[in-house]
Structure formats: structure tokens, C-alpha cells
file target_18.pdb (PDB, C-alpha atoms, pLDDT in the B column)
ATOM      1  CA  MET A   1      42.265  -9.599  11.006  1.00 60.00           C
ATOM      2  CA  GLN A   2      43.827 -12.839   9.759  1.00 68.00           C
ATOM      3  CA  LEU A   3      41.827 -15.867  10.929  1.00 81.00           C
ATOM      4  CA  ALA A   4      42.111 -19.536  10.071  1.00 86.00           C
ATOM      5  CA  VAL A   5      38.983 -21.709  10.271  1.00 90.00           C
ATOM      6  CA  ALA A   6      39.732 -25.256  11.394  1.00 93.00           C
ATOM      7  CA  ILE A   7      38.154 -28.189  13.177  1.00 93.00           C
ATOM      8  CA  ALA A   8      38.455 -27.934  16.960  1.00 95.00           C
ATOM      9  CA  GLN A   9      40.195 -30.633  18.956  1.00 93.00           C
ATOM     10  CA  PRO A  10      39.314 -31.855  22.478  1.00 94.00           C
ATOM     11  CA  GLU A  11      42.223 -29.828  23.859  1.00 95.00           C
ATOM     12  CA  ASP A  12      40.428 -26.648  22.666  1.00 96.00           C
ATOM     13  CA  SER A  13      37.514 -27.326  25.031  1.00 96.00           C
ATOM     14  CA  VAL A  14      38.683 -25.123  27.927  1.00 97.00           C
ATOM     15  CA  ALA A  15      39.238 -22.120  25.631  1.00 97.00           C
ATOM     16  CA  LEU A  16      35.868 -22.730  23.926  1.00 98.00           C
ATOM     17  CA  ALA A  17      34.058 -22.870  27.276  1.00 98.00           C
ATOM     18  CA  ALA A  18      35.817 -19.678  28.421  1.00 97.00           C
ATOM     19  CA  LEU A  19      34.729 -17.844  25.263  1.00 97.00           C
ATOM     20  CA  ASP A  20      31.179 -19.214  25.484  1.00 97.00           C
ATOM     21  CA  SER A  21      30.874 -18.077  29.115  1.00 96.00           C
ATOM     22  CA  GLN A  22      31.655 -14.494  28.037  1.00 96.00           C
ATOM     23  CA  ILE A  23      29.004 -14.327  25.303  1.00 93.00           C
ATOM     24  CA  ASN A  24      26.256 -16.856  26.011  1.00 90.00           C
ATOM     25  CA  PRO A  25      23.572 -16.539  28.705  1.00 86.00           C
ATOM     26  CA  SER A  26      23.552 -20.380  28.932  1.00 87.00           C
ATOM     27  CA  PRO A  27      27.170 -21.355  28.229  1.00 93.00           C
ATOM     28  CA  TRP A  28      28.408 -24.872  27.636  1.00 96.00           C
ATOM     29  CA  SER A  29      30.931 -26.456  30.001  1.00 97.00           C
ATOM     30  CA  ALA A  30      34.416 -27.513  28.968  1.00 97.00           C
ATOM     31  CA  GLU A  31      33.243 -31.117  29.359  1.00 96.00           C
ATOM     32  CA  ARG A  32      30.416 -30.578  26.874  1.00 96.00           C
ATOM     33  CA  PHE A  33      32.784 -28.967  24.356  1.00 97.00           C
ATOM     34  CA  ARG A  34      35.253 -31.819  24.885  1.00 95.00           C
ATOM     35  CA  ALA A  35      32.495 -34.340  24.160  1.00 95.00           C
ATOM     36  CA  VAL A  36      31.396 -32.692  20.899  1.00 93.00           C
ATOM     37  CA  CYS A  37      35.006 -32.190  19.783  1.00 92.00           C
ATOM     38  CA  ALA A  38      35.683 -35.890  20.340  1.00 90.00           C
ATOM     39  CA  ALA A  39      32.410 -37.134  18.807  1.00 80.00           C
ATOM     40  CA  GLY A  40      33.887 -37.814  15.373  1.00 77.00           C
ATOM     41  CA  ALA A  41      31.361 -37.879  12.539  1.00 71.00           C
ATOM     42  CA  ALA A  42      28.410 -37.245  14.873  1.00 85.00           C
ATOM     43  CA  SER A  43      29.332 -33.589  15.395  1.00 93.00           C
ATOM     44  CA  THR A  44      31.786 -31.001  14.149  1.00 96.00           C
ATOM     45  CA  THR A  45      33.162 -27.964  15.945  1.00 96.00           C
ATOM     46  CA  LEU A  46      34.684 -25.280  13.731  1.00 97.00           C
ATOM     47  CA  ILE A  47      36.897 -22.611  15.250  1.00 97.00           C
ATOM     48  CA  ALA A  48      38.270 -19.353  13.903  1.00 96.00           C
ATOM     49  CA  ARG A  49      41.698 -18.862  15.417  1.00 94.00           C
ATOM     50  CA  GLY A  50      43.729 -15.681  15.241  1.00 89.00           C
ATOM     51  CA  ALA A  51      46.925 -14.441  16.831  1.00 87.00           C
ATOM     52  CA  ASP A  52      45.005 -13.857  20.076  1.00 88.00           C
ATOM     53  CA  GLY A  53      43.491 -17.350  20.204  1.00 92.00           C
ATOM     54  CA  ILE A  54      39.995 -18.559  19.375  1.00 96.00           C
ATOM     55  CA  GLN A  55      37.836 -15.715  18.079  1.00 96.00           C
ATOM     56  CA  GLY A  56      34.728 -17.720  17.228  1.00 97.00           C
ATOM     57  CA  PHE A  57      33.227 -21.184  16.997  1.00 98.00           C
ATOM     58  CA  LEU A  58      30.337 -23.100  15.504  1.00 98.00           C
ATOM     59  CA  VAL A  59      29.113 -26.556  16.546  1.00 98.00           C
ATOM     60  CA  TYR A  60      26.814 -28.718  14.457  1.00 97.00           C
ATOM     61  CA  SER A  61      25.640 -32.301  14.415  1.00 97.00           C
ATOM     62  CA  ARG A  62      24.515 -34.368  11.469  1.00 94.00           C
ATOM     63  CA  VAL A  63      22.168 -37.343  11.292  1.00 94.00           C
ATOM     64  CA  LEU A  64      21.674 -38.811   7.828  1.00 93.00           C
ATOM     65  CA  ASP A  65      20.622 -35.943   5.552  1.00 95.00           C
ATOM     66  CA  GLU A  66      19.899 -33.321   8.228  1.00 97.00           C
ATOM     67  CA  ALA A  67      22.321 -31.104  10.121  1.00 98.00           C
ATOM     68  CA  THR A  68      21.529 -29.106  13.235  1.00 98.00           C
ATOM     69  CA  LEU A  69      23.397 -26.006  14.305  1.00 98.00           C
ATOM     70  CA  LEU A  70      23.947 -26.511  18.035  1.00 97.00           C
ATOM     71  CA  SER A  71      25.914 -23.427  19.032  1.00 96.00           C
ATOM     72  CA  ILE A  72      27.692 -20.470  17.503  1.00 97.00           C
ATOM     73  CA  GLY A  73      29.663 -17.725  19.195  1.00 96.00           C
ATOM     74  CA  VAL A  74      32.002 -14.867  18.342  1.00 96.00           C
ATOM     75  CA  ARG A  75      34.207 -12.935  20.752  1.00 96.00           C
ATOM     76  CA  ARG A  76      32.540  -9.593  21.561  1.00 94.00           C
ATOM     77  CA  GLU A  77      35.495  -7.548  20.300  1.00 93.00           C
ATOM     78  CA  VAL A  78      35.100  -8.984  16.777  1.00 92.00           C
ATOM     79  CA  GLN A  79      31.309  -9.263  16.533  1.00 93.00           C
ATOM     80  CA  ARG A  80      29.585  -7.610  13.573  1.00 91.00           C
ATOM     81  CA  GLN A  81      32.659  -8.048  11.383  1.00 92.00           C
ATOM     82  CA  GLY A  82      31.375 -11.038   9.411  1.00 93.00           C
ATOM     83  CA  LEU A  83      33.021 -13.838  11.383  1.00 95.00           C
ATOM     84  CA  GLY A  84      29.750 -15.516  12.400  1.00 95.00           C
ATOM     85  CA  GLY A  85      28.630 -15.507   8.775  1.00 95.00           C
ATOM     86  CA  ARG A  86      31.967 -16.896   7.634  1.00 95.00           C
ATOM     87  CA  LEU A  87      31.717 -19.733  10.160  1.00 97.00           C
ATOM     88  CA  LEU A  88      28.121 -20.422   9.114  1.00 97.00           C
ATOM     89  CA  ASP A  89      28.987 -20.410   5.396  1.00 97.00           C
ATOM     90  CA  THR A  90      31.905 -22.788   6.011  1.00 96.00           C
ATOM     91  CA  ALA A  91      29.709 -25.084   8.104  1.00 97.00           C
ATOM     92  CA  CYS A  92      26.944 -25.170   5.471  1.00 97.00           C
ATOM     93  CA  LEU A  93      29.460 -26.126   2.767  1.00 96.00           C
ATOM     94  CA  ARG A  94      30.841 -28.900   5.000  1.00 95.00           C
ATOM     95  CA  MET A  95      27.339 -30.129   5.873  1.00 96.00           C
ATOM     96  CA  CYS A  96      26.459 -30.336   2.190  1.00 96.00           C
ATOM     97  CA  SER A  97      29.692 -32.174   1.327  1.00 95.00           C
ATOM     98  CA  GLU A  98      28.899 -34.640   4.127  1.00 94.00           C
ATOM     99  CA  GLY A  99      25.515 -35.413   2.561  1.00 95.00           C
ATOM    100  CA  ALA A 100      23.206 -33.117   4.528  1.00 96.00           C
ATOM    101  CA  GLN A 101      20.363 -31.627   2.530  1.00 98.00           C
ATOM    102  CA  ARG A 102      18.854 -29.403   5.217  1.00 98.00           C
ATOM    103  CA  CYS A 103      20.141 -27.392   8.174  1.00 98.00           C
ATOM    104  CA  LEU A 104      18.030 -26.672  11.261  1.00 98.00           C
ATOM    105  CA  LEU A 105      18.608 -24.277  14.143  1.00 98.00           C
ATOM    106  CA  GLU A 106      17.008 -22.606  17.144  1.00 97.00           C
ATOM    107  CA  VAL A 107      17.705 -19.002  18.113  1.00 96.00           C
ATOM    108  CA  ARG A 108      16.481 -16.799  20.954  1.00 94.00           C
ATOM    109  CA  VAL A 109      13.659 -14.586  19.664  1.00 94.00           C
ATOM    110  CA  SER A 110      15.442 -11.594  21.237  1.00 92.00           C
ATOM    111  CA  ASN A 111      18.668 -12.223  19.276  1.00 93.00           C
ATOM    112  CA  ARG A 112      17.801  -9.965  16.332  1.00 95.00           C
ATOM    113  CA  ALA A 113      21.387  -9.780  15.036  1.00 93.00           C
ATOM    114  CA  ALA A 114      21.629 -13.569  14.754  1.00 95.00           C
ATOM    115  CA  ILE A 115      18.189 -13.825  13.144  1.00 97.00           C
ATOM    116  CA  ARG A 116      19.215 -11.227  10.527  1.00 96.00           C
ATOM    117  CA  MET A 117      22.420 -13.172   9.818  1.00 96.00           C
ATOM    118  CA  TYR A 118      20.485 -16.432   9.379  1.00 98.00           C
ATOM    119  CA  GLU A 119      17.890 -14.750   7.146  1.00 98.00           C
ATOM    120  CA  SER A 120      20.681 -13.273   4.996  1.00 97.00           C
ATOM    121  CA  ARG A 121      21.799 -16.860   4.362  1.00 97.00           C
ATOM    122  CA  ALA A 122      18.377 -18.152   3.286  1.00 97.00           C
ATOM    123  CA  PHE A 123      17.201 -19.560   6.631  1.00 98.00           C
ATOM    124  CA  GLN A 124      13.427 -19.353   6.980  1.00 98.00           C
ATOM    125  CA  PRO A 125      11.298 -19.393  10.155  1.00 98.00           C
ATOM    126  CA  ASP A 126       9.628 -22.769  10.788  1.00 96.00           C
ATOM    127  CA  GLY A 127       7.933 -22.187  14.126  1.00 97.00           C
ATOM    128  CA  VAL A 128       8.442 -21.269  17.761  1.00 97.00           C
ATOM    129  CA  ARG A 129       9.406 -23.354  20.789  1.00 96.00           C
ATOM    130  CA  LYS A 130       7.707 -21.708  23.748  1.00 95.00           C
ATOM    131  CA  ALA A 131       9.823 -20.984  26.848  1.00 93.00           C
ATOM    132  CA  TYR A 132      12.776 -22.954  25.429  1.00 91.00           C
ATOM    133  CA  TYR A 133      15.676 -20.865  26.739  1.00 90.00           C
ATOM    134  CA  ARG A 134      16.275 -19.953  30.369  1.00 83.00           C
ATOM    135  CA  GLY A 135      17.125 -16.335  30.981  1.00 73.00           C
ATOM    136  CA  GLU A 136      17.532 -13.788  33.733  1.00 72.00           C
ATOM    137  CA  GLN A 137      13.859 -12.791  33.401  1.00 77.00           C
ATOM    138  CA  GLY A 138      12.524 -16.344  33.234  1.00 83.00           C
ATOM    139  CA  HIS A 139      12.145 -18.275  29.996  1.00 91.00           C
ATOM    140  CA  GLU A 140      12.373 -17.092  26.418  1.00 92.00           C
ATOM    141  CA  ASP A 141      10.966 -18.537  23.215  1.00 94.00           C
ATOM    142  CA  ALA A 142      13.163 -20.057  20.513  1.00 96.00           C
ATOM    143  CA  LEU A 143      12.576 -19.290  16.864  1.00 97.00           C
ATOM    144  CA  LEU A 144      12.993 -22.447  14.762  1.00 98.00           C
ATOM    145  CA  MET A 145      14.641 -21.856  11.393  1.00 98.00           C
ATOM    146  CA  SER A 146      15.900 -24.023   8.555  1.00 98.00           C
ATOM    147  CA  ARG A 147      17.237 -23.922   5.022  1.00 98.00           C
ATOM    148  CA  LEU A 148      17.957 -26.335   2.250  1.00 98.00           C
ATOM    149  CA  LEU A 149      21.611 -26.912   1.532  1.00 96.00           C
TER     150      LEU A 149
END
call {"tool": "encode", "arguments": {"input": "target_18.pdb", "output": "C-alpha cells"}}
result
Amino acid sequence: MQLAVAIAQPEDSVALAALDSQINPSPWSAERFRAVCAAGAASTTLIARGADGIQGFLVYSRVLDEATLLSIGVRREVQRQGLGGRLLDTACLRMCSEGAQRCLLEVRVSNRAAIRMYESRAFQPDGVRKAYYRGEQGHEDALLMSRLL
């Protein structure tokens, strides 16, 4: 599959929200995607676009020397093919070139595939945020992870 990774634009927000609603138990709205796409240096949204449209995305923010991964998603049909890792690797390189020295993230404790991907890229557990995510069965803890860039 031929995919180009690029920076998302505000006009991508509806497609991003549609993809997020298919894969995320707590999806972002088009308005929220529009805001982060238009935020300039405060946040960056990377997209992987193929012939069939947006296949994946990653959103991060940066304050001084720290970056925070806010959201990442890959279309179900192309999950487990390395796209999430490619987006994460690209984001970490960009974060570093922008002056970030550390990347932080939160991930649902039940999302074992994502945790494995983060661990394979040197992210280490830092702690747990109790009952952070809302879910169908109530609330779920978030695993806090970080890595040096």
C-alpha cells in the first residue's frame, strides 16, 4: 500500500472525525480536529493518505521541550501493518527537530496492541491515571508512558 504522510489541514477535519468515530470508543468531533489542525505550532496532526483517503492519523502538541501524543488512529482494514508505528516514528522525529526532548502519552490499559507498539519504540511506563477513560463498562485506567527523544 502506497501512503504519503503529511500534515493535516483544517479541511481534513470531517474525514478525521469520521475515521476516529469508527475506531475510538471516545472519538473526537470534527470541530476538535479542525481546532488542532489550525493550531499552528501548538499542535501537529499527521495523516497517512492513500488512494482511498486518510488511512491513519496522529495528533501531538508541544510545549517547550516536551511533546504529548494526544491521539493516534489507523483504519481497521490496515491495522497491524506498521502504519501506526510509521506515524509514531515520523512524529518523534518531527518532535525532536522542533526541540522536544521527551514525549509523553496516555493509553488505555486494555489496549495491549498499542502498549506493545509504544514499548517497541522505547516508551516506558511512568504510572497510572485511575478511571481516566470512559467506556461501555464504566471507567478505565490510563497507563502513562514516556520516552526521551
call {"tool": "resolve_selection", "arguments": {"input": "target_18.pdb", "expression": "the PyMOL selection byres ((chain A and resi 76) around 12)", "output": "PDB file with C-alpha atoms, keeping the file's coordinate frame"}}
result
ATOM      1  CA  LEU A  19      34.729 -17.844  25.263  1.00 97.00           C
ATOM      2  CA  ASP A  20      31.179 -19.214  25.484  1.00 97.00           C
ATOM      3  CA  SER A  21      30.874 -18.077  29.115  1.00 96.00           C
ATOM      4  CA  GLN A  22      31.655 -14.494  28.037  1.00 96.00           C
ATOM      5  CA  ILE A  23      29.004 -14.327  25.303  1.00 93.00           C
ATOM      6  CA  ASN A  24      26.256 -16.856  26.011  1.00 90.00           C
ATOM      7  CA  ILE A  54      39.995 -18.559  19.375  1.00 96.00           C
ATOM      8  CA  GLN A  55      37.836 -15.715  18.079  1.00 96.00           C
ATOM      9  CA  GLY A  56      34.728 -17.720  17.228  1.00 97.00           C
ATOM     10  CA  GLY A  73      29.663 -17.725  19.195  1.00 96.00           C
ATOM     11  CA  VAL A  74      32.002 -14.867  18.342  1.00 96.00           C
ATOM     12  CA  ARG A  75      34.207 -12.935  20.752  1.00 96.00           C
ATOM     13  CA  GLU A  77      35.495  -7.548  20.300  1.00 93.00           C
ATOM     14  CA  VAL A  78      35.100  -8.984  16.777  1.00 92.00           C
ATOM     15  CA  GLN A  79      31.309  -9.263  16.533  1.00 93.00           C
ATOM     16  CA  ARG A  80      29.585  -7.610  13.573  1.00 91.00           C
ATOM     17  CA  GLN A  81      32.659  -8.048  11.383  1.00 92.00           C
ATOM     18  CA  LEU A  83      33.021 -13.838  11.383  1.00 95.00           C
ATOM     19  CA  GLY A  84      29.750 -15.516  12.400  1.00 95.00           C
TER      20      GLY A  84
END
call {"tool": "closest_residue", "arguments": {"input": "target_18.pdb", "among": "A:Thr90, A:Gln101, A:Ser110, A:Ser26", "to": "Arg62 (chain A)", "atoms": "all atoms listed in the file"}}
result
A:Gln101
call {"tool": "atom_distance", "arguments": {"input": "target_18.pdb", "atom1": "CA of Leu143 (chain A)", "atom2": "CA of Gly127 (chain A)"}}
result
6.1 Å
call {"tool": "closest_residue", "arguments": {"input": "target_18.pdb", "among": "A:Glu31, A:Glu106, A:Glu66, A:Asp89", "to": "Ala18 (chain A)", "atoms": "all atoms listed in the file"}}
result
A:Glu31
call {"tool": "resolve_selection", "arguments": {"input": "target_18.pdb", "expression": "the PyMOL selection byres ((chain A and resi 4) around 12)", "output": "list in words"}}
result
Met1, Gln2, Leu3, Val5, Ala6, Ile7, Ala8, Leu46, Ile47, Ala48, Arg49, Gly50, Ala51, Asp52, Gly53, Ile54, Gln55, Gly56, Phe57, Leu83, Arg86, Leu87 and Thr90 of chain A
call {"tool": "axis_aligned_box", "arguments": {"input": "target_18.pdb", "around": "region 94-104 of chain A", "padding_each_side": "6 Å", "output": "lines of an AutoDock Vina configuration file"}}
result
center_x = 24.4
center_y = -31.0
center_z = 6.3
size_x = 24.8
size_y = 20.7
size_z = 21.9
call {"tool": "residues_around", "arguments": {"input": "target_18.pdb", "residues": "Cys103 (chain A)", "least_positions_apart": "4", "cutoff": "10 Å", "atoms": "all atoms listed in the file", "output": "VMD selection string"}}
result
chain A and resid 60 to 62 65 to 69 91 to 92 95 to 96 123 145 to 149
call {"tool": "write_last_selection", "arguments": {"input": "target_18.pdb", "atoms": "C-alpha atoms", "output": "tab-separated table (two decimals), in the frame of the given file"}}
result
chain	number	residue	atom	x	y	z
A	60	TYR	CA	26.81	-28.72	14.46
A	61	SER	CA	25.64	-32.30	14.42
A	62	ARG	CA	24.52	-34.37	11.47
A	65	ASP	CA	20.62	-35.94	5.55
A	66	GLU	CA	19.90	-33.32	8.23
A	67	ALA	CA	22.32	-31.10	10.12
A	68	THR	CA	21.53	-29.11	13.24
A	69	LEU	CA	23.40	-26.01	14.30
A	91	ALA	CA	29.71	-25.08	8.10
A	92	CYS	CA	26.94	-25.17	5.47
A	95	MET	CA	27.34	-30.13	5.87
A	96	CYS	CA	26.46	-30.34	2.19
A	123	PHE	CA	17.20	-19.56	6.63
A	145	MET	CA	14.64	-21.86	11.39
A	146	SER	CA	15.90	-24.02	8.56
A	147	ARG	CA	17.24	-23.92	5.02
A	148	LEU	CA	17.96	-26.34	2.25
A	149	LEU	CA	21.61	-26.91	1.53
call {"tool": "atom_distance", "arguments": {"input": "target_18.pdb", "atom1": "CA of Ala142 (chain A)", "atom2": "CA of Pro10 (chain A)"}}
result
28.8 Å
call {"tool": "atom_distance", "arguments": {"input": "target_18.pdb", "atom1": "CA of Arg108 (chain A)", "atom2": "CA of Tyr133 (chain A)"}}
result
7.1 Å
call {"tool": "closest_residue", "arguments": {"input": "target_18.pdb", "among": "A:Leu105, A:Val14, A:Ala42, A:Leu88", "to": "Leu58 (chain A)", "atoms": "all atoms listed in the file"}}
result
A:Leu88
call {"tool": "resolve_selection", "arguments": {"input": "target_18.pdb", "expression": "the PyMOL selection byres ((chain A and resi 9) around 9)", "output": "PyMOL selection string"}}
result
chain A and resi 7-8+10-13+34+37-38+45
call {"tool": "write_last_selection", "arguments": {"input": "target_18.pdb", "atoms": "C-alpha atoms", "output": "PDB file, keeping the file's coordinate frame"}}
result
ATOM      1  CA  ILE A   7      38.154 -28.189  13.177  1.00 93.00           C
ATOM      2  CA  ALA A   8      38.455 -27.934  16.960  1.00 95.00           C
ATOM      3  CA  PRO A  10      39.314 -31.855  22.478  1.00 94.00           C
ATOM      4  CA  GLU A  11      42.223 -29.828  23.859  1.00 95.00           C
ATOM      5  CA  ASP A  12      40.428 -26.648  22.666  1.00 96.00           C
ATOM      6  CA  SER A  13      37.514 -27.326  25.031  1.00 96.00           C
ATOM      7  CA  ARG A  34      35.253 -31.819  24.885  1.00 95.00           C
ATOM      8  CA  CYS A  37      35.006 -32.190  19.783  1.00 92.00           C
ATOM      9  CA  ALA A  38      35.683 -35.890  20.340  1.00 90.00           C
ATOM     10  CA  THR A  45      33.162 -27.964  15.945  1.00 96.00           C
TER      11      THR A  45
END
call {"tool": "closest_residue", "arguments": {"input": "target_18.pdb", "among": "A:Val63, A:Tyr118, A:Ala15, A:His139", "to": "Glu98 (chain A)", "atoms": "only C-alpha atoms"}}
result
A:Val63
call {"tool": "build_atoms", "arguments": {"input": "target_18.pdb", "residues": "region 17-34 of chain A", "atoms": "N, CA, C and O atoms", "output": "mmCIF file, in the coordinates of the input"}}
result
data_model
loop_
_atom_site.group_PDB
_atom_site.id
_atom_site.type_symbol
_atom_site.label_atom_id
_atom_site.label_comp_id
_atom_site.auth_asym_id
_atom_site.auth_seq_id
_atom_site.Cartn_x
_atom_site.Cartn_y
_atom_site.Cartn_z
ATOM 1 N N ALA A 17 34.965 -23.121 26.151
ATOM 2 C CA ALA A 17 34.058 -22.870 27.276
ATOM 3 C C ALA A 17 34.278 -21.465 27.846
ATOM 4 O O ALA A 17 33.318 -20.785 28.217
ATOM 5 N N ALA A 18 35.522 -21.022 27.911
ATOM 6 C CA ALA A 18 35.817 -19.678 28.421
ATOM 7 C C ALA A 18 35.195 -18.622 27.513
ATOM 8 O O ALA A 18 34.569 -17.664 27.998
ATOM 9 N N LEU A 19 35.332 -18.784 26.205
ATOM 10 C CA LEU A 19 34.729 -17.844 25.263
ATOM 11 C C LEU A 19 33.208 -17.883 25.378
ATOM 12 O O LEU A 19 32.554 -16.836 25.467
ATOM 13 N N ASP A 20 32.632 -19.079 25.406
ATOM 14 C CA ASP A 20 31.179 -19.214 25.484
ATOM 15 C C ASP A 20 30.622 -18.562 26.749
ATOM 16 O O ASP A 20 29.565 -17.943 26.724
ATOM 17 N N SER A 21 31.351 -18.668 27.856
ATOM 18 C CA SER A 21 30.874 -18.077 29.115
ATOM 19 C C SER A 21 30.857 -16.548 29.066
ATOM 20 O O SER A 21 30.119 -15.915 29.821
ATOM 21 N N GLN A 22 31.627 -15.953 28.177
ATOM 22 C CA GLN A 22 31.655 -14.494 28.037
ATOM 23 C C GLN A 22 30.532 -13.965 27.150
ATOM 24 O O GLN A 22 30.192 -12.785 27.230
ATOM 25 N N ILE A 23 29.948 -14.826 26.308
ATOM 26 C CA ILE A 23 29.004 -14.327 25.303
ATOM 27 C C ILE A 23 27.633 -14.986 25.341
ATOM 28 O O ILE A 23 26.701 -14.490 24.715
ATOM 29 N N ASN A 24 27.487 -16.076 26.058
ATOM 30 C CA ASN A 24 26.256 -16.856 26.011
ATOM 31 C C ASN A 24 25.566 -16.848 27.374
ATOM 32 O O ASN A 24 26.195 -17.180 28.373
ATOM 33 N N PRO A 25 24.274 -16.524 27.420
ATOM 34 C CA PRO A 25 23.572 -16.539 28.705
ATOM 35 C C PRO A 25 23.457 -17.948 29.304
ATOM 36 O O PRO A 25 23.261 -18.097 30.498
ATOM 37 N N SER A 26 23.589 -18.985 28.470
ATOM 38 C CA SER A 26 23.552 -20.380 28.932
ATOM 39 C C SER A 26 24.760 -21.111 28.355
ATOM 40 O O SER A 26 24.627 -21.933 27.444
ATOM 41 N N PRO A 27 25.958 -20.805 28.845
ATOM 42 C CA PRO A 27 27.170 -21.355 28.229
ATOM 43 C C PRO A 27 27.338 -22.855 28.449
ATOM 44 O O PRO A 27 26.845 -23.416 29.431
ATOM 45 N N TRP A 28 28.048 -23.470 27.528
ATOM 46 C CA TRP A 28 28.408 -24.872 27.636
ATOM 47 C C TRP A 28 29.623 -25.009 28.548
ATOM 48 O O TRP A 28 30.463 -24.107 28.631
ATOM 49 N N SER A 29 29.757 -26.157 29.167
ATOM 50 C CA SER A 29 30.931 -26.456 30.001
ATOM 51 C C SER A 29 32.069 -26.957 29.123
ATOM 52 O O SER A 29 31.863 -27.372 27.972
ATOM 53 N N ALA A 30 33.262 -26.951 29.681
ATOM 54 C CA ALA A 30 34.416 -27.513 28.968
ATOM 55 C C ALA A 30 34.175 -28.990 28.666
ATOM 56 O O ALA A 30 34.566 -29.479 27.594
ATOM 57 N N GLU A 31 33.521 -29.700 29.576
ATOM 58 C CA GLU A 31 33.243 -31.117 29.359
ATOM 59 C C GLU A 31 32.321 -31.320 28.153
ATOM 60 O O GLU A 31 32.509 -32.242 27.362
ATOM 61 N N ARG A 32 31.327 -30.449 28.015
ATOM 62 C CA ARG A 32 30.416 -30.578 26.874
ATOM 63 C C ARG A 32 31.153 -30.281 25.566
ATOM 64 O O ARG A 32 30.969 -30.982 24.569
ATOM 65 N N PHE A 33 31.984 -29.246 25.556
ATOM 66 C CA PHE A 33 32.784 -28.967 24.356
ATOM 67 C C PHE A 33 33.729 -30.130 24.060
ATOM 68 O O PHE A 33 33.889 -30.522 22.900
ATOM 69 N N ARG A 34 34.340 -30.690 25.081
ATOM 70 C CA ARG A 34 35.253 -31.819 24.885
ATOM 71 C C ARG A 34 34.504 -32.982 24.236
ATOM 72 O O ARG A 34 35.001 -33.615 23.301
#
